[in-house]
>>> print(open('data-v1.pdb').read())   # PDB, C-alpha atoms
ATOM      1  CA  MET T 243      35.008  30.204  25.324
ATOM      2  CA  HIS T 244      31.759  30.601  23.387
ATOM      3  CA  ALA T 245      32.503  34.233  22.534
ATOM      4  CA  ASP T 246      35.612  33.055  20.660
ATOM      5  CA  THR T 247      33.533  30.382  18.919
ATOM      6  CA  LEU T 248      31.065  32.988  17.703
ATOM      7  CA  ALA T 249      33.810  35.294  16.491
ATOM      8  CA  ARG T 250      35.546  32.586  14.482
ATOM      9  CA  LEU T 251      32.346  31.447  12.825
ATOM     10  CA  ALA T 252      31.144  34.973  12.051
ATOM     11  CA  GLU T 253      34.462  35.781  10.397
ATOM     12  CA  THR T 254      34.329  32.666   8.226
ATOM     13  CA  ARG T 255      30.695  33.175   7.255
ATOM     14  CA  LEU T 256      31.373  36.786   6.283
ATOM     15  CA  HIS T 257      34.517  36.281   4.239
ATOM     16  CA  ARG T 258      34.454  32.604   3.173
ATOM     17  CA  PRO T 259      30.888  31.262   2.950
ATOM     18  CA  ALA T 260      32.066  28.606   0.479
ATOM     19  CA  ALA T 261      34.028  27.060   3.357
ATOM     20  CA  ILE T 262      30.818  25.319   4.446
ATOM     21  CA  ALA T 263      30.507  23.322   1.225
ATOM     22  CA  GLU T 264      34.249  22.643   1.277
ATOM     23  CA  ALA T 265      34.037  21.261   4.799
ATOM     24  CA  ALA T 266      31.066  19.077   3.886
ATOM     25  CA  TYR T 267      32.920  17.652   0.879
ATOM     26  CA  ALA T 268      36.092  16.939   2.865
ATOM     27  CA  ARG T 269      34.363  15.548   5.954
ATOM     28  CA  LYS T 270      35.108  11.981   6.962
ATOM     29  CA  LYS T 271      31.774  10.152   6.865
ATOM     30  CA  ALA T 272      30.515   7.683   9.449
ATOM     31  CA  GLU T 273      30.963   4.028   8.547
ATOM     32  CA  GLY T 274      27.349   3.289   9.419
ATOM     33  CA  PRO T 275      24.409   4.595  11.439
ATOM     34  CA  VAL T 276      25.386   2.778  14.636
ATOM     35  CA  GLY T 277      28.468   3.098  16.791
ATOM     36  CA  PRO T 278      30.889   0.488  18.196
ATOM     37  CA  SER T 279      28.260  -0.599  20.723
ATOM     38  CA  GLY T 280      25.889  -1.651  17.936
ATOM     39  CA  LYS T 281      23.551   1.165  18.974
ATOM     40  CA  CYS T 282      23.375   4.806  17.942
ATOM     41  CA  PHE T 283      23.455   7.759  20.289
ATOM     42  CA  VAL T 284      22.430  10.962  18.531
ATOM     43  CA  ILE T 285      22.513  14.347  20.253
ATOM     44  CA  ALA T 286      19.589  16.543  19.158
ATOM     45  CA  ALA T 287      19.700  20.321  18.756
ATOM     46  CA  ASP T 288      16.957  21.278  16.325
ATOM     47  CA  HIS T 289      14.746  22.947  18.927
ATOM     48  CA  PRO T 290      15.810  26.591  18.385
ATOM     49  CA  ALA T 291      14.534  26.692  14.789
ATOM     50  CA  ARG T 292      11.021  26.024  16.092
ATOM     51  CA  GLY T 293      11.338  28.786  18.658
ATOM     52  CA  ALA T 294      11.652  26.256  21.498
ATOM     53  CA  LEU T 295      14.589  27.781  23.372
ATOM     54  CA  GLY T 296      13.743  26.812  26.936
ATOM     55  CA  THR T 297      14.928  23.991  29.159
ATOM     56  CA  GLY T 298      15.418  23.412  32.846
ATOM     57  CA  GLY T 299      13.177  26.312  33.791
ATOM     58  CA  ASP T 300      15.119  28.865  31.718
ATOM     59  CA  PRO T 301      12.964  30.006  28.771
ATOM     60  CA  PHE T 302      16.041  31.185  26.829
ATOM     61  CA  ALA T 303      18.616  28.558  27.811
ATOM     62  CA  MET T 304      19.371  27.695  24.183
ATOM     63  CA  ALA T 305      19.398  31.287  22.925
ATOM     64  CA  ASP T 306      23.181  31.737  23.239
ATOM     65  CA  ARG T 307      24.444  30.059  20.064
ATOM     66  CA  GLY T 308      28.104  30.038  21.054
ATOM     67  CA  ASP T 309      27.270  28.375  24.363
ATOM     68  CA  LEU T 310      25.057  25.806  22.614
ATOM     69  CA  LEU T 311      27.809  24.983  20.130
ATOM     70  CA  ASP T 312      30.361  24.530  22.910
ATOM     71  CA  ARG T 313      27.992  22.106  24.639
ATOM     72  CA  LEU T 314      27.461  20.209  21.386
ATOM     73  CA  ARG T 315      31.209  19.987  20.838
ATOM     74  CA  ILE T 316      31.666  18.470  24.299
ATOM     75  CA  ALA T 317      29.000  15.885  23.501
ATOM     76  CA  LEU T 318      30.398  15.049  20.062
ATOM     77  CA  ASP T 319      33.945  14.790  21.410
ATOM     78  CA  HIS T 320      32.847  11.634  23.221
ATOM     79  CA  PRO T 321      33.374   8.642  20.882
ATOM     80  CA  GLY T 322      30.221   7.048  22.272
ATOM     81  CA  CYS T 323      28.097   9.910  20.936
ATOM     82  CA  ASN T 324      28.142   8.928  17.288
ATOM     83  CA  GLY T 325      25.695  11.393  15.765
ATOM     84  CA  VAL T 326      23.858  14.706  15.777
ATOM     85  CA  LEU T 327      20.471  15.986  14.646
ATOM     86  CA  ALA T 328      20.055  19.682  13.863
ATOM     87  CA  THR T 329      19.045  22.341  11.353
ATOM     88  CA  ALA T 330      21.341  23.694   8.644
ATOM     89  CA  ASP T 331      22.608  26.685  10.631
ATOM     90  CA  ILE T 332      23.836  24.550  13.516
ATOM     91  CA  LEU T 333      25.187  21.697  11.384
ATOM     92  CA  GLU T 334      27.113  24.164   9.235
ATOM     93  CA  ASP T 335      28.638  25.746  12.339
ATOM     94  CA  LEU T 336      29.684  22.276  13.530
ATOM     95  CA  LEU T 337      31.130  21.521  10.098
ATOM     96  CA  LEU T 338      33.258  24.657  10.251
ATOM     97  CA  LEU T 339      34.397  23.708  13.756
ATOM     98  CA  GLY T 340      35.423  20.229  12.593
ATOM     99  CA  SER T 341      33.025  18.511  14.997
ATOM    100  CA  LEU T 342      31.225  16.256  12.493
ATOM    101  CA  GLU T 343      34.191  14.097  11.501
ATOM    102  CA  GLY T 344      33.129  10.444  11.459
ATOM    103  CA  LYS T 345      29.702  11.290  12.874
ATOM    104  CA  VAL T 346      26.230  10.259  11.726
ATOM    105  CA  VAL T 347      24.354  13.419  10.731
ATOM    106  CA  PHE T 348      20.599  13.964  10.441
ATOM    107  CA  GLY T 349      19.186  17.170   9.010
ATOM    108  CA  SER T 350      15.966  18.497  10.547
ATOM    109  CA  MET T 351      13.390  19.072   7.803
ATOM    110  CA  ASN T 352      10.114  20.610   9.059
ATOM    111  CA  ARG T 353      10.311  23.500  11.518
ATOM    112  CA  ALA T 354       7.329  25.709  10.595
ATOM    113  CA  GLY T 355       5.193  24.496  13.509
ATOM    114  CA  LEU T 356       6.498  27.182  15.810
ATOM    115  CA  ALA T 357       6.128  26.395  19.502
ATOM    116  CA  GLY T 358       3.013  28.024  20.937
ATOM    117  CA  SER T 359       1.648  29.222  17.591
ATOM    118  CA  SER T 360      -1.941  28.847  16.386
ATOM    119  CA  PHE T 361      -0.580  26.949  13.360
ATOM    120  CA  GLU T 362       1.704  24.623  15.304
ATOM    121  CA  ILE T 363       0.260  21.431  13.798
ATOM    122  CA  ASP T 364       0.729  22.758  10.253
ATOM    123  CA  ASP T 365       4.398  21.879  10.432
ATOM    124  CA  ARG T 366       5.588  22.649   6.924
ATOM    125  CA  PHE T 367       9.033  21.797   5.588
ATOM    126  CA  THR T 368      11.224  24.873   6.021
ATOM    127  CA  GLY T 369      14.545  23.160   6.796
ATOM    128  CA  TYR T 370      16.467  20.523   4.894
ATOM    129  CA  ASP T 371      15.016  18.695   1.930
ATOM    130  CA  ALA T 372      16.200  15.300   0.707
ATOM    131  CA  ALA T 373      18.336  16.749  -2.085
ATOM    132  CA  ALA T 374      20.250  18.967   0.369
ATOM    133  CA  VAL T 375      20.733  16.096   2.840
ATOM    134  CA  ALA T 376      22.290  14.009   0.064
ATOM    135  CA  ALA T 377      24.346  16.889  -1.353
ATOM    136  CA  MET T 378      25.879  17.572   2.060
ATOM    137  CA  GLY T 379      26.793  13.910   2.491
ATOM    138  CA  PHE T 380      24.545  13.507   5.515
ATOM    139  CA  ASP T 381      22.945  10.244   6.565
ATOM    140  CA  GLY T 382      19.280  11.171   6.757
ATOM    141  CA  GLY T 383      16.545  13.630   7.486
ATOM    142  CA  LYS T 384      14.215  13.902  10.446
ATOM    143  CA  MET T 385      10.605  15.040  10.398
ATOM    144  CA  LEU T 386       8.286  15.838  13.307
ATOM    145  CA  THR T 387       4.847  14.419  12.498
ATOM    146  CA  ARG T 388       2.138  15.432  14.944
ATOM    147  CA  ILE T 389      -1.211  13.812  14.243
ATOM    148  CA  ALA T 390      -4.065  15.858  15.666
ATOM    149  CA  LEU T 391      -7.410  14.268  14.796
ATOM    150  CA  ASP T 392      -9.206  17.534  15.612
ATOM    151  CA  ASP T 393      -6.990  19.708  13.375
ATOM    152  CA  PRO T 394      -7.674  19.912   9.609
ATOM    153  CA  ALA T 395      -3.965  20.504   8.921
ATOM    154  CA  THR T 396      -3.147  16.898   9.829
ATOM    155  CA  PRO T 397      -3.739  15.339   6.365
ATOM    156  CA  SER T 398      -1.288  17.829   4.862
ATOM    157  CA  VAL T 399       1.260  16.976   7.550
ATOM    158  CA  LEU T 400       0.968  13.285   6.715
ATOM    159  CA  GLU T 401       1.165  13.917   2.971
ATOM    160  CA  HIS T 402       4.314  16.012   3.205
ATOM    161  CA  THR T 403       5.946  13.542   5.579
ATOM    162  CA  ALA T 404       5.222  10.751   3.091
ATOM    163  CA  ARG T 405       6.777  12.794   0.290
ATOM    164  CA  ALA T 406       9.903  13.359   2.369
ATOM    165  CA  VAL T 407      10.116   9.639   3.153
ATOM    166  CA  ASN T 408       9.952   8.897  -0.579
ATOM    167  CA  ALA T 409      12.536  11.514  -1.528
ATOM    168  CA  LEU T 410      15.010  10.345   1.100
ATOM    169  CA  ALA T 411      14.540   6.689   0.145
ATOM    170  CA  GLU T 412      15.223   7.513  -3.508
ATOM    171  CA  ARG T 413      18.623   8.807  -2.390
ATOM    172  CA  GLY T 414      19.321   5.939   0.005
ATOM    173  CA  ARG T 415      19.012   8.207   3.042
ATOM    174  CA  ILE T 416      17.337   7.437   6.369
ATOM    175  CA  ALA T 417      13.941   9.025   7.028
ATOM    176  CA  MET T 418      13.665   9.482  10.794
ATOM    177  CA  VAL T 419       9.961  10.042  11.472
ATOM    178  CA  GLU T 420       8.950  11.381  14.897
ATOM    179  CA  PRO T 421       5.183  10.841  15.262
ATOM    180  CA  PHE T 422       2.885  11.902  18.075
ATOM    181  CA  LEU T 423      -0.842  11.719  18.595
ATOM    182  CA  SER T 424      -1.546  15.300  19.635
ATOM    183  CA  GLN T 425      -4.508  17.430  20.588
ATOM    184  CA  TRP T 426      -5.303  21.037  21.371
ATOM    185  CA  VAL T 427      -5.786  21.668  25.100
ATOM    186  CA  ASP T 428      -6.515  25.224  26.247
ATOM    187  CA  GLY T 429      -4.908  26.640  23.110
ATOM    188  CA  LYS T 430      -1.756  24.517  23.337
ATOM    189  CA  VAL T 431      -0.655  21.398  21.488
ATOM    190  CA  VAL T 432      -0.262  18.506  23.927
ATOM    191  CA  ASN T 433       1.255  15.162  22.917
ATOM    192  CA  ASP T 434      -0.395  11.993  24.228
ATOM    193  CA  LEU T 435       2.389   9.827  25.711
ATOM    194  CA  SER T 436       0.213   6.900  26.772
ATOM    195  CA  THR T 437       1.261   3.479  25.510
ATOM    196  CA  GLU T 438      -1.845   3.203  23.327
ATOM    197  CA  ALA T 439      -1.242   6.581  21.693
ATOM    198  CA  VAL T 440       2.437   5.894  20.990
ATOM    199  CA  VAL T 441       1.558   2.478  19.541
ATOM    200  CA  LYS T 442      -1.024   4.073  17.233
ATOM    201  CA  SER T 443       1.364   6.830  16.139
ATOM    202  CA  ALA T 444       4.049   4.234  15.354
ATOM    203  CA  ALA T 445       1.610   2.237  13.241
ATOM    204  CA  ILE T 446       0.566   5.341  11.282
ATOM    205  CA  ALA T 447       4.131   6.549  10.731
ATOM    206  CA  SER T 448       5.345   3.135   9.605
ATOM    207  CA  GLY T 449       2.926   3.171   6.688
ATOM    208  CA  LEU T 450       3.855   6.586   5.275
ATOM    209  CA  GLY T 451       5.430   6.658   1.831
ATOM    210  CA  THR T 452       5.832   4.247  -1.058
ATOM    211  CA  THR T 453       8.551   2.329   0.788
ATOM    212  CA  SER T 454       9.637   1.934   4.396
ATOM    213  CA  ALA T 455      13.038   0.496   3.480
ATOM    214  CA  TYR T 456      14.870   3.538   4.829
ATOM    215  CA  THR T 457      12.384   4.661   7.495
ATOM    216  CA  TRP T 458      13.289   4.824  11.183
ATOM    217  CA  LEU T 459      10.935   5.796  13.979
ATOM    218  CA  LYS T 460      11.799   8.284  16.705
ATOM    219  CA  LEU T 461       9.449   7.571  19.588
ATOM    220  CA  PRO T 462       8.949   8.857  23.133
ATOM    221  CA  THR T 463       9.243   6.656  26.182
ATOM    222  CA  ALA T 464       5.859   5.159  27.053
ATOM    223  CA  PRO T 465       4.814   3.126  30.111
ATOM    224  CA  ASP T 466       4.995  -0.171  28.167
ATOM    225  CA  MET T 467       7.817   0.084  25.640
ATOM    226  CA  ALA T 468       7.590  -3.604  24.746
ATOM    227  CA  ARG T 469       4.129  -2.964  23.285
ATOM    228  CA  VAL T 470       5.407   0.115  21.502
ATOM    229  CA  ALA T 471       8.344  -1.724  19.935
ATOM    230  CA  ALA T 472       6.037  -4.555  18.872
ATOM    231  CA  ALA T 473       3.951  -2.135  16.783
ATOM    232  CA  SER T 474       6.532  -2.029  13.969
ATOM    233  CA  THR T 475       9.575  -3.811  12.594
ATOM    234  CA  LEU T 476      11.244  -0.499  11.707
ATOM    235  CA  PRO T 477      14.462   0.531  13.473
ATOM    236  CA  THR T 478      13.477   2.740  16.395
ATOM    237  CA  VAL T 479      15.330   5.354  18.416
ATOM    238  CA  VAL T 480      13.937   6.545  21.725
ATOM    239  CA  LEU T 481      13.825  10.296  22.221
ATOM    240  CA  GLY T 482      14.716  12.149  25.368
ATOM    241  CA  GLY T 483      12.410  15.137  25.666
ATOM    242  CA  GLU T 484      12.398  17.306  28.774
ATOM    243  CA  VAL T 485      13.720  14.992  31.509
ATOM    244  CA  THR T 486      13.512  16.077  35.148
ATOM    245  CA  ASP T 487      14.823  12.880  36.787
ATOM    246  CA  ILE T 488      17.750  11.717  34.648
ATOM    247  CA  GLU T 489      18.486   8.652  36.799
ATOM    248  CA  ALA T 490      14.926   7.338  36.523
ATOM    249  CA  GLN T 491      15.013   8.085  32.795
ATOM    250  CA  ARG T 492      18.238   6.121  32.388
ATOM    251  CA  GLU T 493      16.504   3.039  33.783
ATOM    252  CA  SER T 494      13.675   3.468  31.294
ATOM    253  CA  TRP T 495      16.119   3.955  28.417
ATOM    254  CA  ALA T 496      18.028   0.824  29.451
ATOM    255  CA  GLU T 497      14.830  -1.240  29.327
ATOM    256  CA  SER T 498      13.974   0.172  25.900
ATOM    257  CA  LEU T 499      17.449  -0.513  24.509
ATOM    258  CA  ALA T 500      17.034  -4.197  25.349
ATOM    259  CA  LEU T 501      14.179  -4.473  22.842
ATOM    260  CA  PRO T 502      15.207  -5.963  19.470
ATOM    261  CA  ASN T 503      14.289  -3.095  17.132
ATOM    262  CA  VAL T 504      15.287  -0.234  19.443
ATOM    263  CA  VAL T 505      18.596   0.764  17.892
ATOM    264  CA  GLY T 506      19.507   3.765  20.001
ATOM    265  CA  LEU T 507      18.729   7.075  21.666
ATOM    266  CA  THR T 508      18.186  10.598  20.373
ATOM    267  CA  VAL T 509      18.472  13.004  23.278
ATOM    268  CA  GLY T 510      19.003  16.758  23.388
ATOM    269  CA  ARG T 511      18.240  19.371  25.997
ATOM    270  CA  SER T 512      18.413  17.068  29.030
ATOM    271  CA  LEU T 513      22.042  16.201  28.302
ATOM    272  CA  LEU T 514      23.194  19.494  26.839
ATOM    273  CA  TYR T 515      21.806  21.430  29.822
ATOM    274  CA  PRO T 516      22.017  19.080  32.835
ATOM    275  CA  ALA T 517      21.063  20.446  36.223
ATOM    276  CA  ASP T 518      24.658  20.295  37.485
ATOM    277  CA  GLY T 519      26.057  21.876  34.304
ATOM    278  CA  ASP T 520      28.424  18.963  33.599
ATOM    279  CA  VAL T 521      27.719  18.056  29.961
ATOM    280  CA  ALA T 522      30.588  15.580  29.700
ATOM    281  CA  ASP T 523      29.364  13.607  32.714
ATOM    282  CA  ALA T 524      25.783  13.574  31.420
ATOM    283  CA  ILE T 525      26.968  12.210  28.066
ATOM    284  CA  GLU T 526      29.139   9.598  29.775
ATOM    285  CA  SER T 527      26.204   8.382  31.872
ATOM    286  CA  VAL T 528      24.177   7.683  28.736
ATOM    287  CA  VAL T 529      27.056   6.135  26.788
ATOM    288  CA  ASN T 530      27.446   3.647  29.638
ATOM    289  CA  LEU T 531      23.929   2.419  28.893
ATOM    290  CA  LEU T 532      25.006   1.438  25.388
TER     291      LEU T 532
END
>>> encode(input="data-v1.pdb", output="structure tokens")
Amino acid sequence: MHADTLARLAETRLHRPAAIAEAAYARKKAEGPVGPSGKCFVIAADHPARGALGTGGDPFAMADRGDLLDRLRIALDHPGCNGVLATADILEDLLLLGSLEGKVVFGSMNRAGLAGSSFEIDDRFTGYDAAAVAAMGFDGGKMLTRIALDDPATPSVLEHTARAVNALAERGRIAMVEPFLSQWVDGKVVNDLSTEAVVKSAAIASGLGTTSAYTWLKLPTAPDMARVAAASTLPTVVLGGEVTDIEAQRESWAESLALPNVVGLTVGRSLLYPADGDVADAIESVVNLL
């Protein structure tokens, strides 16, 4: 099926590139950032633009774009999956396929911190900007904000995140900030997922920009999520990351969703590439939590 998907999209992009803008203009927008459950469930697929193509032990699992799009379409076909987070190339493909109707859409903004690079912390904005998010009729932008106290690029990361928060707020768009306290370990960037580190990263991210009126936090699951949620009044979505035990993770997500300012989940690879290959069942299992 994905070969046909690729062929259709390639034909349109070659002969009718303006169809992307037309589809964005005609798209039915979501009525709000949360679904019927009162929570949001956003499927994430912005990993490829950072060169992070691996999942489930396959270093190139996400390299087949047609296959990835088919998996995203299965996820978005479920009414309980009310949104998607991705870079322009993927969102435009989904627009052309008609898969973003009535969905909440977040554009991924900074993708220059390529996975495994020596400049990974210097995560400059090479994706969407606030003007493009607004022009496309999308709901917000997402920025990865890794805070490495031993890396001199960190102040620039914080500054550019703050500027993006401001620019999105000026346009009434959500700024989804994904902060981590990170450090270099044996030449690799490692995120600290302890409760204390996630609490500190949430506190730092909450204060970025001239207003937090439109800021959401995207935070990893920590051992004590009640402490994490108590670090800020901002709406918070819990991210998925690379999950090996989906059942145990579901229990953790359920506990997080019970907290007052945790408004939903943003999950990607674990649900798009489940161990048993059944994307629809993986999506259903998470929707049931909501």
>>> residues_around(input="data-v1.pdb", residues="region 261-265 of chain T", least_positions_apart="4", cutoff="9 Å", atoms="only C-alpha atoms", output="compact mmCIF listing (two decimals) with C-alpha atoms, in the coordinates of the input")
# COMPACT_ATOMS: atom_id res chain seq x y z
CA THR T 254 34.33 32.67 8.23
CA ARG T 255 30.70 33.17 7.26
CA ARG T 269 34.36 15.55 5.95
CA GLU T 334 27.11 24.16 9.24
CA ASP T 335 28.64 25.75 12.34
CA LEU T 337 31.13 21.52 10.10
CA LEU T 338 33.26 24.66 10.25
CA GLY T 340 35.42 20.23 12.59
CA MET T 378 25.88 17.57 2.06
>>> closest_residue(input="data-v1.pdb", among="T:Val431, T:Ala409, T:Pro259, T:Ala249", to="Asp392 (chain T)", atoms="all atoms listed in the file")
T:Val431
>>> resolve_selection(input="data-v1.pdb", expression="the PyMOL selection byres ((chain T and resi 324) around 6)", output="VMD selection string")
chain T and resid 277 283 322 to 323 325 345
>>> residues_near_point(input="data-v1.pdb", point="(18.7, 19.0, 13.6)", cutoff="10 Å", atoms="all atoms listed in the file", output="count of residues only")
27
>>> closest_residue(input="data-v1.pdb", among="T:Val529, T:Leu459, T:Leu356, T:Ile389", to="Trp495 (chain T)", atoms="all atoms listed in the file")
T:Val529
>>> residues_around(input="data-v1.pdb", residues="Leu450 (chain T)", least_positions_apart="6", cutoff="9 Å", atoms="all atoms listed in the file", output="list in words")
Leu400, Glu401, Thr403, Ala404, Arg405, Val407 and Asn408 of chain T
>>> closest_residue(input="data-v1.pdb", among="T:Gly519, T:Ala445, T:Pro477, T:Ala490", to="Pro275 (chain T)", atoms="only C-alpha atoms")
T:Pro477
>>> atom_distance(input="data-v1.pdb", atom1="CA of Ser436 (chain T)", atom2="CA of Ala464 (chain T)")
5.9 Å
>>> residues_around(input="data-v1.pdb", residues="Ala390 (chain T)", least_positions_apart="5", cutoff="8 Å", atoms="only C-alpha atoms", output="list of chain:residue names")
T:Ile363, T:Thr396, T:Leu423, T:Ser424, T:Gln425, T:Trp426
>>> resolve_selection(input="data-v1.pdb", expression="the PyMOL selection byres ((chain T and resi 521) around 10)", output="MDAnalysis selection string")
chainID T and resid 312:317 512:520 522:527
>>> write_last_selection(input="data-v1.pdb", atoms="C-alpha atoms", output="PDB file, in the frame of the given file")
ATOM      1  CA  ASP T 312      30.361  24.530  22.910  1.00  0.00           C
ATOM      2  CA  ARG T 313      27.992  22.106  24.639  1.00  0.00           C
ATOM      3  CA  LEU T 314      27.461  20.209  21.386  1.00  0.00           C
ATOM      4  CA  ARG T 315      31.209  19.987  20.838  1.00  0.00           C
ATOM      5  CA  ILE T 316      31.666  18.470  24.299  1.00  0.00           C
ATOM      6  CA  ALA T 317      29.000  15.885  23.501  1.00  0.00           C
ATOM      7  CA  SER T 512      18.413  17.068  29.030  1.00  0.00           C
ATOM      8  CA  LEU T 513      22.042  16.201  28.302  1.00  0.00           C
ATOM      9  CA  LEU T 514      23.194  19.494  26.839  1.00  0.00           C
ATOM     10  CA  TYR T 515      21.806  21.430  29.822  1.00  0.00           C
ATOM     11  CA  PRO T 516      22.017  19.080  32.835  1.00  0.00           C
ATOM     12  CA  ALA T 517      21.063  20.446  36.223  1.00  0.00           C
ATOM     13  CA  ASP T 518      24.658  20.295  37.485  1.00  0.00           C
ATOM     14  CA  GLY T 519      26.057  21.876  34.304  1.00  0.00           C
ATOM     15  CA  ASP T 520      28.424  18.963  33.599  1.00  0.00           C
ATOM     16  CA  ALA T 522      30.588  15.580  29.700  1.00  0.00           C
ATOM     17  CA  ASP T 523      29.364  13.607  32.714  1.00  0.00           C
ATOM     18  CA  ALA T 524      25.783  13.574  31.420  1.00  0.00           C
ATOM     19  CA  ILE T 525      26.968  12.210  28.066  1.00  0.00           C
ATOM     20  CA  GLU T 526      29.139   9.598  29.775  1.00  0.00           C
ATOM     21  CA  SER T 527      26.204   8.382  31.872  1.00  0.00           C
TER      22      SER T 527
END
>>> residues_around(input="data-v1.pdb", residues="Asp309 (chain T)", least_positions_apart="3", cutoff="9 Å", atoms="all atoms listed in the file", output="list in words")
Met243, His244, Ala245, Thr247, Leu248, Met304, Ala305, Asp306, Asp312, Arg313 and Leu314 of chain T
>>> resolve_selection(input="data-v1.pdb", expression="the PyMOL selection byres ((chain T and resi 458) around 9)", output="list in words")
Ile416, Ala417, Met418, Val419, Glu420, Ser448, Ser454, Ala455, Tyr456, Thr457, Leu459, Lys460, Leu476, Pro477, Thr478 and Val479 of chain T
>>> atom_distance(input="data-v1.pdb", atom1="CA of Leu501 (chain T)", atom2="CA of Thr387 (chain T)")
23.5 Å
>>> residues_near_point(input="data-v1.pdb", point="(14.4, 4.1, 28.1)", cutoff="10 Å", atoms="all atoms listed in the file", output="list in words")
Pro462, Thr463, Ala464, Pro465, Met467, Val479, Val480, Leu481, Gly482, Ala490, Gln491, Arg492, Glu493, Ser494, Trp495, Ala496, Glu497, Ser498, Leu499, Ala500, Val504, Gly506, Leu507 and Leu531 of chain T
>>> atom_distance(input="data-v1.pdb", atom1="CA of Ala354 (chain T)", atom2="CA of Gly382 (chain T)")
19.2 Å
>>> build_atoms(input="data-v1.pdb", residues="region 361-379 of chain T", atoms="N, CA and C atoms", output="PDB file, in the coordinates of the input")
ATOM      1  N   PHE T 361      -0.749  27.830  14.517  1.00  0.00           N
ATOM      2  CA  PHE T 361      -0.580  26.949  13.360  1.00  0.00           C
ATOM      3  C   PHE T 361       0.448  25.847  13.648  1.00  0.00           C
ATOM      4  N   GLU T 362       0.622  25.528  14.919  1.00  0.00           N
ATOM      5  CA  GLU T 362       1.704  24.623  15.304  1.00  0.00           C
ATOM      6  C   GLU T 362       1.607  23.260  14.628  1.00  0.00           C
ATOM      7  N   ILE T 363       0.415  22.738  14.431  1.00  0.00           N
ATOM      8  CA  ILE T 363       0.260  21.431  13.798  1.00  0.00           C
ATOM      9  C   ILE T 363       0.633  21.481  12.314  1.00  0.00           C
ATOM     10  N   ASP T 364       0.436  22.611  11.684  1.00  0.00           N
ATOM     11  CA  ASP T 364       0.729  22.758  10.253  1.00  0.00           C
ATOM     12  C   ASP T 364       2.230  22.923  10.066  1.00  0.00           C
ATOM     13  N   ASP T 365       2.942  21.845  10.320  1.00  0.00           N
ATOM     14  CA  ASP T 365       4.398  21.879  10.432  1.00  0.00           C
ATOM     15  C   ASP T 365       5.043  21.672   9.064  1.00  0.00           C
ATOM     16  N   ARG T 366       5.088  22.739   8.294  1.00  0.00           N
ATOM     17  CA  ARG T 366       5.588  22.649   6.924  1.00  0.00           C
ATOM     18  C   ARG T 366       7.116  22.514   6.893  1.00  0.00           C
ATOM     19  N   PHE T 367       7.601  22.087   5.729  1.00  0.00           N
ATOM     20  CA  PHE T 367       9.033  21.797   5.588  1.00  0.00           C
ATOM     21  C   PHE T 367       9.793  23.080   5.219  1.00  0.00           C
ATOM     22  N   THR T 368      10.488  23.625   6.204  1.00  0.00           N
ATOM     23  CA  THR T 368      11.224  24.873   6.021  1.00  0.00           C
ATOM     24  C   THR T 368      12.719  24.682   6.257  1.00  0.00           C
ATOM     25  N   GLY T 369      13.136  23.451   6.556  1.00  0.00           N
ATOM     26  CA  GLY T 369      14.545  23.160   6.796  1.00  0.00           C
ATOM     27  C   GLY T 369      15.140  22.393   5.629  1.00  0.00           C
ATOM     28  N   TYR T 370      15.862  21.342   5.938  1.00  0.00           N
ATOM     29  CA  TYR T 370      16.467  20.523   4.894  1.00  0.00           C
ATOM     30  C   TYR T 370      15.408  19.856   4.022  1.00  0.00           C
ATOM     31  N   ASP T 371      15.767  19.625   2.748  1.00  0.00           N
ATOM     32  CA  ASP T 371      15.016  18.695   1.930  1.00  0.00           C
ATOM     33  C   ASP T 371      15.951  17.533   1.599  1.00  0.00           C
ATOM     34  N   ALA T 372      15.412  16.507   0.955  1.00  0.00           N
ATOM     35  CA  ALA T 372      16.200  15.300   0.707  1.00  0.00           C
ATOM     36  C   ALA T 372      17.406  15.574  -0.177  1.00  0.00           C
ATOM     37  N   ALA T 373      17.230  16.438  -1.176  1.00  0.00           N
ATOM     38  CA  ALA T 373      18.336  16.749  -2.085  1.00  0.00           C
ATOM     39  C   ALA T 373      19.495  17.383  -1.328  1.00  0.00           C
ATOM     40  N   ALA T 374      19.195  18.304  -0.400  1.00  0.00           N
ATOM     41  CA  ALA T 374      20.250  18.967   0.369  1.00  0.00           C
ATOM     42  C   ALA T 374      20.931  17.997   1.329  1.00  0.00           C
ATOM     43  N   VAL T 375      20.154  17.109   1.950  1.00  0.00           N
ATOM     44  CA  VAL T 375      20.733  16.096   2.840  1.00  0.00           C
ATOM     45  C   VAL T 375      21.762  15.264   2.078  1.00  0.00           C
ATOM     46  N   ALA T 376      21.384  14.820   0.876  1.00  0.00           N
ATOM     47  CA  ALA T 376      22.290  14.009   0.064  1.00  0.00           C
ATOM     48  C   ALA T 376      23.494  14.813  -0.407  1.00  0.00           C
ATOM     49  N   ALA T 377      23.257  16.051  -0.841  1.00  0.00           N
ATOM     50  CA  ALA T 377      24.346  16.889  -1.353  1.00  0.00           C
ATOM     51  C   ALA T 377      25.394  17.172  -0.279  1.00  0.00           C
ATOM     52  N   MET T 378      24.956  17.295   0.964  1.00  0.00           N
ATOM     53  CA  MET T 378      25.879  17.572   2.060  1.00  0.00           C
ATOM     54  C   MET T 378      26.581  16.308   2.568  1.00  0.00           C
ATOM     55  N   GLY T 379      26.187  15.163   2.049  1.00  0.00           N
ATOM     56  CA  GLY T 379      26.793  13.910   2.491  1.00  0.00           C
ATOM     57  C   GLY T 379      26.306  13.453   3.847  1.00  0.00           C
TER      58      GLY T 379
END
